[in-house]
$ cat coords.pdb   # PDB, C-alpha atoms, pLDDT in the B column
MODEL        1
ATOM      1  CA  PHE J   1     111.026  95.661  93.741  1.00 53.00           C
ATOM      2  CA  ALA J   2     109.147  92.819  95.409  1.00 54.00           C
ATOM      3  CA  VAL J   3     108.883  91.298  98.834  1.00 63.00           C
ATOM      4  CA  SER J   4     108.736  87.692  99.879  1.00 59.00           C
ATOM      5  CA  ASN J   5     107.291  86.509 103.145  1.00 61.00           C
ATOM      6  CA  THR J   6     107.746  82.791 102.526  1.00 60.00           C
ATOM      7  CA  ASP J   7     109.929  82.413 105.625  1.00 65.00           C
ATOM      8  CA  VAL J   8     107.493  84.187 107.973  1.00 72.00           C
ATOM      9  CA  HIS J   9     105.481  82.047 110.369  1.00 82.00           C
ATOM     10  CA  PHE J  10     102.364  84.188 110.652  1.00 89.00           C
ATOM     11  CA  LEU J  11     100.499  84.275 113.937  1.00 86.00           C
ATOM     12  CA  PRO J  12      96.867  83.166 113.829  1.00 89.00           C
ATOM     13  CA  LYS J  13      94.257  85.925 113.994  1.00 91.00           C
ATOM     14  CA  GLU J  14      93.086  84.885 117.476  1.00 92.00           C
ATOM     15  CA  MET J  15      96.634  85.011 118.851  1.00 93.00           C
ATOM     16  CA  VAL J  16      97.275  88.448 117.330  1.00 92.00           C
ATOM     17  CA  SER J  17      93.977  89.753 118.719  1.00 94.00           C
ATOM     18  CA  LYS J  18      94.687  88.446 122.207  1.00 95.00           C
ATOM     19  CA  LYS J  19      98.340  89.516 122.318  1.00 95.00           C
ATOM     20  CA  TYR J  20      97.655  93.103 121.222  1.00 96.00           C
ATOM     21  CA  LYS J  21      94.119  93.486 122.592  1.00 95.00           C
ATOM     22  CA  ILE J  22      92.714  94.296 119.177  1.00 96.00           C
ATOM     23  CA  SER J  23      89.520  93.205 117.480  1.00 95.00           C
ATOM     24  CA  GLU J  24      89.523  90.260 115.138  1.00 92.00           C
ATOM     25  CA  ARG J  25      88.293  92.606 112.402  1.00 96.00           C
ATOM     26  CA  TYR J  26      90.321  95.738 111.643  1.00 98.00           C
ATOM     27  CA  PHE J  27      92.184  97.789 109.064  1.00 98.00           C
ATOM     28  CA  ALA J  28      95.998  97.826 109.187  1.00 98.00           C
ATOM     29  CA  LEU J  29      98.019 101.053 109.071  1.00 98.00           C
ATOM     30  CA  PRO J  30     101.697  99.998 109.352  1.00 96.00           C
ATOM     31  CA  ASN J  31     103.514 103.321 109.074  1.00 93.00           C
ATOM     32  CA  GLN J  32     106.043 105.172 111.157  1.00 90.00           C
ATOM     33  CA  LEU J  33     104.447 108.184 112.847  1.00 91.00           C
ATOM     34  CA  TRP J  34     105.999 110.561 110.352  1.00 90.00           C
ATOM     35  CA  ILE J  35     103.991 113.614 109.381  1.00 90.00           C
ATOM     36  CA  HIS J  36     103.982 112.805 105.637  1.00 91.00           C
ATOM     37  CA  LYS J  37     102.499 109.372 106.348  1.00 91.00           C
ATOM     38  CA  ASN J  38      99.245 111.243 106.989  1.00 94.00           C
ATOM     39  CA  HIS J  39      97.658 109.422 109.918  1.00 96.00           C
ATOM     40  CA  THR J  40      95.595 112.555 110.539  1.00 97.00           C
ATOM     41  CA  THR J  41      93.301 111.986 107.557  1.00 98.00           C
ATOM     42  CA  VAL J  42      92.646 108.404 108.656  1.00 98.00           C
ATOM     43  CA  PHE J  43      91.906 109.433 112.228  1.00 98.00           C
ATOM     44  CA  LYS J  44      89.483 112.146 111.094  1.00 98.00           C
ATOM     45  CA  ALA J  45      87.674 109.614 108.881  1.00 98.00           C
ATOM     46  CA  VAL J  46      87.340 107.194 111.806  1.00 98.00           C
ATOM     47  CA  LYS J  47      86.011 109.980 114.025  1.00 98.00           C
ATOM     48  CA  LYS J  48      83.214 110.591 111.503  1.00 98.00           C
ATOM     49  CA  LEU J  49      82.393 106.882 111.241  1.00 98.00           C
ATOM     50  CA  LYS J  50      82.536 105.996 114.932  1.00 97.00           C
ATOM     51  CA  ASP J  51      78.919 106.813 115.831  1.00 96.00           C
ATOM     52  CA  LYS J  52      77.545 104.727 112.974  1.00 98.00           C
ATOM     53  CA  TYR J  53      80.142 101.937 113.335  1.00 98.00           C
ATOM     54  CA  PRO J  54      81.312 101.919 116.970  1.00 98.00           C
ATOM     55  CA  ASP J  55      83.393  98.770 116.445  1.00 97.00           C
ATOM     56  CA  ILE J  56      85.425 100.048 113.472  1.00 98.00           C
ATOM     57  CA  GLN J  57      89.104  99.691 114.270  1.00 98.00           C
ATOM     58  CA  ILE J  58      92.419 100.806 112.784  1.00 98.00           C
ATOM     59  CA  VAL J  59      95.566  99.088 114.064  1.00 98.00           C
ATOM     60  CA  CYS J  60      98.670 101.255 113.748  1.00 98.00           C
ATOM     61  CA  THR J  61     102.196  99.935 113.984  1.00 97.00           C
ATOM     62  CA  GLY J  62     105.490 101.742 113.546  1.00 94.00           C
ATOM     63  CA  LYS J  63     108.046 103.858 115.295  1.00 93.00           C
ATOM     64  CA  GLU J  64     106.480 106.757 117.184  1.00 92.00           C
ATOM     65  CA  TYR J  65     108.990 109.474 116.400  1.00 90.00           C
ATOM     66  CA  ASP J  66     109.469 112.064 113.666  1.00 89.00           C
ATOM     67  CA  HIS J  67     112.592 114.219 113.875  1.00 92.00           C
ATOM     68  CA  ARG J  68     110.927 116.843 111.643  1.00 91.00           C
ATOM     69  CA  ASP J  69     108.074 117.334 114.117  1.00 91.00           C
ATOM     70  CA  THR J  70     108.847 115.692 117.449  1.00 94.00           C
ATOM     71  CA  GLU J  71     105.367 116.650 118.736  1.00 95.00           C
ATOM     72  CA  TYR J  72     103.511 114.902 115.904  1.00 93.00           C
ATOM     73  CA  PRO J  73     103.050 111.540 117.689  1.00 95.00           C
ATOM     74  CA  SER J  74     101.772 113.371 120.793  1.00 96.00           C
ATOM     75  CA  LYS J  75      99.340 115.379 118.664  1.00 96.00           C
ATOM     76  CA  LEU J  76      97.956 112.193 117.150  1.00 97.00           C
ATOM     77  CA  LYS J  77      97.526 110.567 120.555  1.00 97.00           C
ATOM     78  CA  LYS J  78      95.874 113.724 121.873  1.00 98.00           C
ATOM     79  CA  PHE J  79      93.399 113.638 118.965  1.00 98.00           C
ATOM     80  CA  ILE J  80      92.594 110.010 119.791  1.00 98.00           C
ATOM     81  CA  ALA J  81      92.029 110.792 123.478  1.00 98.00           C
ATOM     82  CA  GLU J  82      90.004 113.981 122.901  1.00 98.00           C
ATOM     83  CA  ASN J  83      87.667 112.141 120.542  1.00 98.00           C
ATOM     84  CA  ASN J  84      87.340 108.934 122.598  1.00 98.00           C
ATOM     85  CA  LEU J  85      88.844 106.835 119.827  1.00 98.00           C
ATOM     86  CA  GLU J  86      91.075 104.622 121.981  1.00 97.00           C
ATOM     87  CA  GLN J  87      89.128 101.471 121.036  1.00 96.00           C
ATOM     88  CA  ASN J  88      88.850 102.497 117.388  1.00 98.00           C
ATOM     89  CA  ILE J  89      92.476 103.471 116.805  1.00 98.00           C
ATOM     90  CA  ARG J  90      94.979 101.130 118.434  1.00 97.00           C
ATOM     91  CA  MET J  91      98.532 102.470 118.512  1.00 97.00           C
ATOM     92  CA  LEU J  92     100.925  99.552 118.999  1.00 97.00           C
ATOM     93  CA  GLY J  93     104.201 101.329 118.293  1.00 96.00           C
ATOM     94  CA  PHE J  94     107.275  99.566 117.007  1.00 95.00           C
ATOM     95  CA  ILE J  95     106.658  95.818 117.331  1.00 96.00           C
ATOM     96  CA  ASP J  96     108.264  92.556 116.268  1.00 93.00           C
ATOM     97  CA  ARG J  97     108.395  92.202 112.469  1.00 91.00           C
ATOM     98  CA  THR J  98     106.597  88.845 112.422  1.00 91.00           C
ATOM     99  CA  ASP J  99     103.826  90.315 114.580  1.00 95.00           C
ATOM    100  CA  GLN J 100     103.568  93.371 112.323  1.00 95.00           C
ATOM    101  CA  LEU J 101     103.266  91.185 109.217  1.00 95.00           C
ATOM    102  CA  SER J 102     100.739  88.959 111.002  1.00 96.00           C
ATOM    103  CA  ILE J 103      98.643  92.021 111.823  1.00 97.00           C
ATOM    104  CA  LEU J 104      98.700  93.003 108.155  1.00 96.00           C
ATOM    105  CA  LYS J 105      97.895  89.473 106.977  1.00 95.00           C
ATOM    106  CA  ASN J 106      94.942  89.178 109.364  1.00 96.00           C
ATOM    107  CA  SER J 107      93.502  92.615 108.540  1.00 97.00           C
ATOM    108  CA  ILE J 108      90.571  93.269 106.231  1.00 97.00           C
ATOM    109  CA  ALA J 109      92.644  95.797 104.265  1.00 98.00           C
ATOM    110  CA  LEU J 110      95.778  97.924 104.286  1.00 97.00           C
ATOM    111  CA  ILE J 111      95.440 101.696 104.533  1.00 98.00           C
ATOM    112  CA  GLN J 112      98.320 103.649 102.991  1.00 97.00           C
ATOM    113  CA  PRO J 113      97.443 107.375 103.271  1.00 96.00           C
ATOM    114  CA  SER J 114     100.818 109.013 102.537  1.00 95.00           C
ATOM    115  CA  LEU J 115     101.056 112.527 101.143  1.00 92.00           C
ATOM    116  CA  PHE J 116     104.164 111.512  99.193  1.00 89.00           C
ATOM    117  CA  GLU J 117     106.197 108.351  99.033  1.00 84.00           C
ATOM    118  CA  GLY J 118     108.975 106.454  97.419  1.00 79.00           C
ATOM    119  CA  TRP J 119     108.129 102.907  96.365  1.00 80.00           C
ATOM    120  CA  ASN J 120     106.065 101.715  99.326  1.00 86.00           C
ATOM    121  CA  THR J 121     107.070  98.481 101.043  1.00 89.00           C
ATOM    122  CA  SER J 122     103.776  98.100 102.946  1.00 92.00           C
ATOM    123  CA  ILE J 123     101.894  98.069  99.652  1.00 93.00           C
ATOM    124  CA  GLU J 124     104.250  95.428  98.276  1.00 92.00           C
ATOM    125  CA  GLU J 125     103.807  93.335 101.432  1.00 93.00           C
ATOM    126  CA  ALA J 126     100.015  93.637 101.182  1.00 93.00           C
ATOM    127  CA  LYS J 127     100.162  92.668  97.506  1.00 92.00           C
ATOM    128  CA  SER J 128     102.202  89.573  98.396  1.00 90.00           C
ATOM    129  CA  MET J 129      99.420  88.609 100.836  1.00 92.00           C
ATOM    130  CA  ASP J 130      96.640  89.394  98.348  1.00 92.00           C
ATOM    131  CA  LYS J 131      95.217  92.052 100.699  1.00 95.00           C
ATOM    132  CA  PHE J 132      92.825  94.752  99.583  1.00 96.00           C
ATOM    133  CA  ILE J 133      94.608  98.121  99.567  1.00 97.00           C
ATOM    134  CA  ILE J 134      93.223 101.593 100.278  1.00 98.00           C
ATOM    135  CA  ALA J 135      95.757 104.239  99.325  1.00 97.00           C
ATOM    136  CA  SER J 136      96.124 107.930  98.742  1.00 96.00           C
ATOM    137  CA  ASP J 137      95.865 108.877  95.097  1.00 96.00           C
ATOM    138  CA  ILE J 138      99.489 109.794  94.456  1.00 93.00           C
ATOM    139  CA  ASP J 139     101.633 108.856  91.460  1.00 92.00           C
ATOM    140  CA  VAL J 140     103.662 106.117  93.105  1.00 92.00           C
ATOM    141  CA  HIS J 141     100.573 104.412  94.559  1.00 94.00           C
ATOM    142  CA  ARG J 142      98.841 104.473  91.160  1.00 91.00           C
ATOM    143  CA  GLU J 143     101.956 102.887  89.675  1.00 93.00           C
ATOM    144  CA  GLN J 144     102.235 100.234  92.379  1.00 92.00           C
ATOM    145  CA  LEU J 145      98.529  99.402  92.211  1.00 94.00           C
ATOM    146  CA  LYS J 146      97.958  99.542  88.454  1.00 92.00           C
ATOM    147  CA  ASP J 147      97.162  95.817  88.211  1.00 85.00           C
ATOM    148  CA  MET J 148      95.515  95.462  91.630  1.00 86.00           C
ATOM    149  CA  GLU J 149      91.983  95.837  92.864  1.00 86.00           C
ATOM    150  CA  SER J 150      92.219  98.771  95.245  1.00 94.00           C
ATOM    151  CA  ASP J 151      90.571 102.047  96.203  1.00 97.00           C
ATOM    152  CA  LEU J 152      92.310 105.410  95.988  1.00 97.00           C
ATOM    153  CA  PHE J 153      91.346 108.648  97.734  1.00 96.00           C
ATOM    154  CA  LYS J 154      92.600 112.222  97.627  1.00 97.00           C
ATOM    155  CA  ALA J 155      95.215 112.302 100.401  1.00 95.00           C
ATOM    156  CA  ASP J 156      93.632 115.150 102.384  1.00 95.00           C
ATOM    157  CA  ASP J 157      89.998 114.063 101.944  1.00 98.00           C
ATOM    158  CA  GLU J 158      88.802 112.270 105.075  1.00 98.00           C
ATOM    159  CA  ASN J 159      85.258 112.153 103.660  1.00 98.00           C
ATOM    160  CA  ALA J 160      86.362 110.199 100.587  1.00 98.00           C
ATOM    161  CA  LEU J 161      88.432 107.893 102.753  1.00 98.00           C
ATOM    162  CA  GLY J 162      85.482 107.508 105.136  1.00 98.00           C
ATOM    163  CA  ARG J 163      83.232 106.375 102.266  1.00 98.00           C
ATOM    164  CA  ILE J 164      85.797 103.741 101.268  1.00 98.00           C
ATOM    165  CA  LEU J 165      86.233 102.523 104.848  1.00 98.00           C
ATOM    166  CA  GLU J 166      82.465 102.315 105.297  1.00 98.00           C
ATOM    167  CA  LYS J 167      82.016 100.363 102.061  1.00 98.00           C
ATOM    168  CA  ILE J 168      84.655  97.816 103.048  1.00 97.00           C
ATOM    169  CA  TRP J 169      83.601  97.655 106.708  1.00 97.00           C
ATOM    170  CA  THR J 170      79.999  96.846 105.781  1.00 95.00           C
TER     171      THR J 170
ENDMDL
END

$ encode --input "coords.pdb" --output "structure tokens"
Amino acid sequence: FAVSNTDVHFLPKEMVSKKYKISERYFALPNQLWIHKNHTTVFKAVKKLKDKYPDIQIVCTGKEYDHRDTEYPSKLKKFIAENNLEQNIRMLGFIDRTDQLSILKNSIALIQPSLFEGWNTSIEEAKSMDKFIIASDIDVHREQLKDMESDLFKADDENALGRILEKIWT
């Protein structure tokens, strides 16, 4: 399985930043808001890093609905609001595919925190763009990333993820 983005006309970083009101420096998290995609671990890591790095930013894209837990997206947004993370975690929802790929291309790294996965398309897209990848340490991610420079973390360990984010951010 491979992806090809040769026909995509990527938006420049400045245009993406202006259009979506995001920083020019950010991590990309392009996952549906499905519970197994594990946004929670990422958000907890950002909460711990925010005081030291107030400008750290995660840009999330993807459909905001999970039929298995219809309250999950609301819970995530509540966590963001209760912890004053609105500028650190930008939830863009389901957006145009070219814009979503442009956000990934212009990011400093992809975060893929899933608890379990099939073969992951976001990782393949990031590989095609030669992006650095931060992923949960699950079998399929190890297989997909075996020949790539990347960092893996235990899926439920926000401290380990936080150390990786800090290293890359600085």

$ atom_distance --input "coords.pdb" --atom1 "atom CA of Glu149 of chain J" --atom2 "atom CA of Ala109 of chain J"
11.4 Å

$ atom_distance --input "coords.pdb" --atom1 "atom CA of Ser102 of chain J" --atom2 "atom CA of Val16 of chain J"
7.2 Å

$ closest_residue --input "coords.pdb" --among "J:His39, J:Ile22, J:Leu115, J:Leu49" --to "Asn159 of chain J" --atoms "all atoms listed in the file"
J:Leu49

$ resolve_selection --input "coords.pdb" --expression "the PyMOL selection byres ((chain J and resi 66) around 10)" --output "number ranges by chain"
J: 32-36, 63-65, 67-73

$ residues_near_point --input "coords.pdb" --point "(100.1, 96.6, 102.8)" --cutoff "10 Å" --atoms "only C-alpha atoms" --output "count of residues only"
28

$ closest_atom_pairs --input "coords.pdb" --of "segment 58-109 of chain J" --to "segment 41-44 of chain J" --cutoff "12 Å" --atoms "all atoms listed in the file" --output "JSON lines"
{"residue": "J:Ile58", "atom": "CA", "partner": "J:Val42", "partner_atom": "CA", "distance": 8.6}
{"residue": "J:Val59", "atom": "CA", "partner": "J:Phe43", "partner_atom": "CA", "distance": 11.1}
{"residue": "J:Cys60", "atom": "CA", "partner": "J:Val42", "partner_atom": "CA", "distance": 10.6}
{"residue": "J:Lys75", "atom": "CA", "partner": "J:Phe43", "partner_atom": "CA", "distance": 11.5}
{"residue": "J:Leu76", "atom": "CA", "partner": "J:Phe43", "partner_atom": "CA", "distance": 8.3}
{"residue": "J:Lys77", "atom": "CA", "partner": "J:Phe43", "partner_atom": "CA", "distance": 10.1}
{"residue": "J:Lys78", "atom": "CA", "partner": "J:Phe43", "partner_atom": "CA", "distance": 11.3}
{"residue": "J:Phe79", "atom": "CA", "partner": "J:Phe43", "partner_atom": "CA", "distance": 8.1}
{"residue": "J:Ile80", "atom": "CA", "partner": "J:Phe43", "partner_atom": "CA", "distance": 7.6}
{"residue": "J:Ala81", "atom": "CA", "partner": "J:Phe43", "partner_atom": "CA", "distance": 11.3}
{"residue": "J:Glu82", "atom": "CA", "partner": "J:Phe43", "partner_atom": "CA", "distance": 11.8}
{"residue": "J:Asn83", "atom": "CA", "partner": "J:Lys44", "partner_atom": "CA", "distance": 9.6}
{"residue": "J:Asn84", "atom": "CA", "partner": "J:Phe43", "partner_atom": "CA", "distance": 11.3}
{"residue": "J:Leu85", "atom": "CA", "partner": "J:Phe43", "partner_atom": "CA", "distance": 8.6}
{"residue": "J:Glu86", "atom": "CA", "partner": "J:Phe43", "partner_atom": "CA", "distance": 10.9}
{"residue": "J:Asn88", "atom": "CA", "partner": "J:Phe43", "partner_atom": "CA", "distance": 9.2}
{"residue": "J:Ile89", "atom": "CA", "partner": "J:Phe43", "partner_atom": "CA", "distance": 7.5}
{"residue": "J:Arg90", "atom": "CA", "partner": "J:Phe43", "partner_atom": "CA", "distance": 10.8}
{"residue": "J:Met91", "atom": "CA", "partner": "J:Phe43", "partner_atom": "CA", "distance": 11.5}

$ write_last_selection --input "coords.pdb" --atoms "C-alpha atoms" --output "short mmCIF file (atom, residue, chain, number, x, y, z; two decimals), keeping the file's coordinate frame"
data_model
loop_
_atom_site.label_atom_id
_atom_site.label_comp_id
_atom_site.auth_asym_id
_atom_site.auth_seq_id
_atom_site.Cartn_x
_atom_site.Cartn_y
_atom_site.Cartn_z
CA ILE J 58 92.42 100.81 112.78
CA VAL J 59 95.57 99.09 114.06
CA CYS J 60 98.67 101.26 113.75
CA LYS J 75 99.34 115.38 118.66
CA LEU J 76 97.96 112.19 117.15
CA LYS J 77 97.53 110.57 120.56
CA LYS J 78 95.87 113.72 121.87
CA PHE J 79 93.40 113.64 118.96
CA ILE J 80 92.59 110.01 119.79
CA ALA J 81 92.03 110.79 123.48
CA GLU J 82 90.00 113.98 122.90
CA ASN J 83 87.67 112.14 120.54
CA ASN J 84 87.34 108.93 122.60
CA LEU J 85 88.84 106.84 119.83
CA GLU J 86 91.08 104.62 121.98
CA ASN J 88 88.85 102.50 117.39
CA ILE J 89 92.48 103.47 116.80
CA ARG J 90 94.98 101.13 118.43
CA MET J 91 98.53 102.47 118.51
#

$ resolve_selection --input "coords.pdb" --expression "the PyMOL selection byres ((chain J and resi 152-155) around 9)" --output "CSV table (one decimal) with C-alpha atoms, keeping the file's coordinate frame"
chain,number,residue,atom,x,y,z
J,38,ASN,CA,99.2,111.2,107.0
J,41,THR,CA,93.3,112.0,107.6
J,113,PRO,CA,97.4,107.4,103.3
J,114,SER,CA,100.8,109.0,102.5
J,115,LEU,CA,101.1,112.5,101.1
J,133,ILE,CA,94.6,98.1,99.6
J,134,ILE,CA,93.2,101.6,100.3
J,135,ALA,CA,95.8,104.2,99.3
J,136,SER,CA,96.1,107.9,98.7
J,137,ASP,CA,95.9,108.9,95.1
J,138,ILE,CA,99.5,109.8,94.5
J,141,HIS,CA,100.6,104.4,94.6
J,142,ARG,CA,98.8,104.5,91.2
J,150,SER,CA,92.2,98.8,95.2
J,151,ASP,CA,90.6,102.0,96.2
J,156,ASP,CA,93.6,115.2,102.4
J,157,ASP,CA,90.0,114.1,101.9
J,158,GLU,CA,88.8,112.3,105.1
J,160,ALA,CA,86.4,110.2,100.6
J,161,LEU,CA,88.4,107.9,102.8
J,164,ILE,CA,85.8,103.7,101.3

$ atom_distance --input "coords.pdb" --atom1 "atom CA of Gly93 of chain J" --atom2 "atom CA of Pro54 of chain J"
22.9 Å

$ residues_near_point --input "coords.pdb" --point "(106.1, 99.2, 119.3)" --cutoff "7 Å" --atoms "all atoms listed in the file" --output "short mmCIF file (atom, residue, chain, number, x, y, z; two decimals) with C-alpha atoms, keeping the file's coordinate frame"
data_model
loop_
_atom_site.label_atom_id
_atom_site.label_comp_id
_atom_site.auth_asym_id
_atom_site.auth_seq_id
_atom_site.Cartn_x
_atom_site.Cartn_y
_atom_site.Cartn_z
CA THR J 61 102.20 99.94 113.98
CA GLY J 62 105.49 101.74 113.55
CA LYS J 63 108.05 103.86 115.30
CA LEU J 92 100.92 99.55 119.00
CA GLY J 93 104.20 101.33 118.29
CA PHE J 94 107.28 99.57 117.01
CA ILE J 95 106.66 95.82 117.33
#

$ closest_residue --input "coords.pdb" --among "J:Lys48, J:Asp55, J:Trp119, J:Lys37" --to "Ser23 of chain J" --atoms "all atoms listed in the file"
J:Asp55

$ closest_residue --input "coords.pdb" --among "J:Ser17, J:Gln87, J:Thr98, J:Met148" --to "Tyr53 of chain J" --atoms "all atoms listed in the file"
J:Gln87
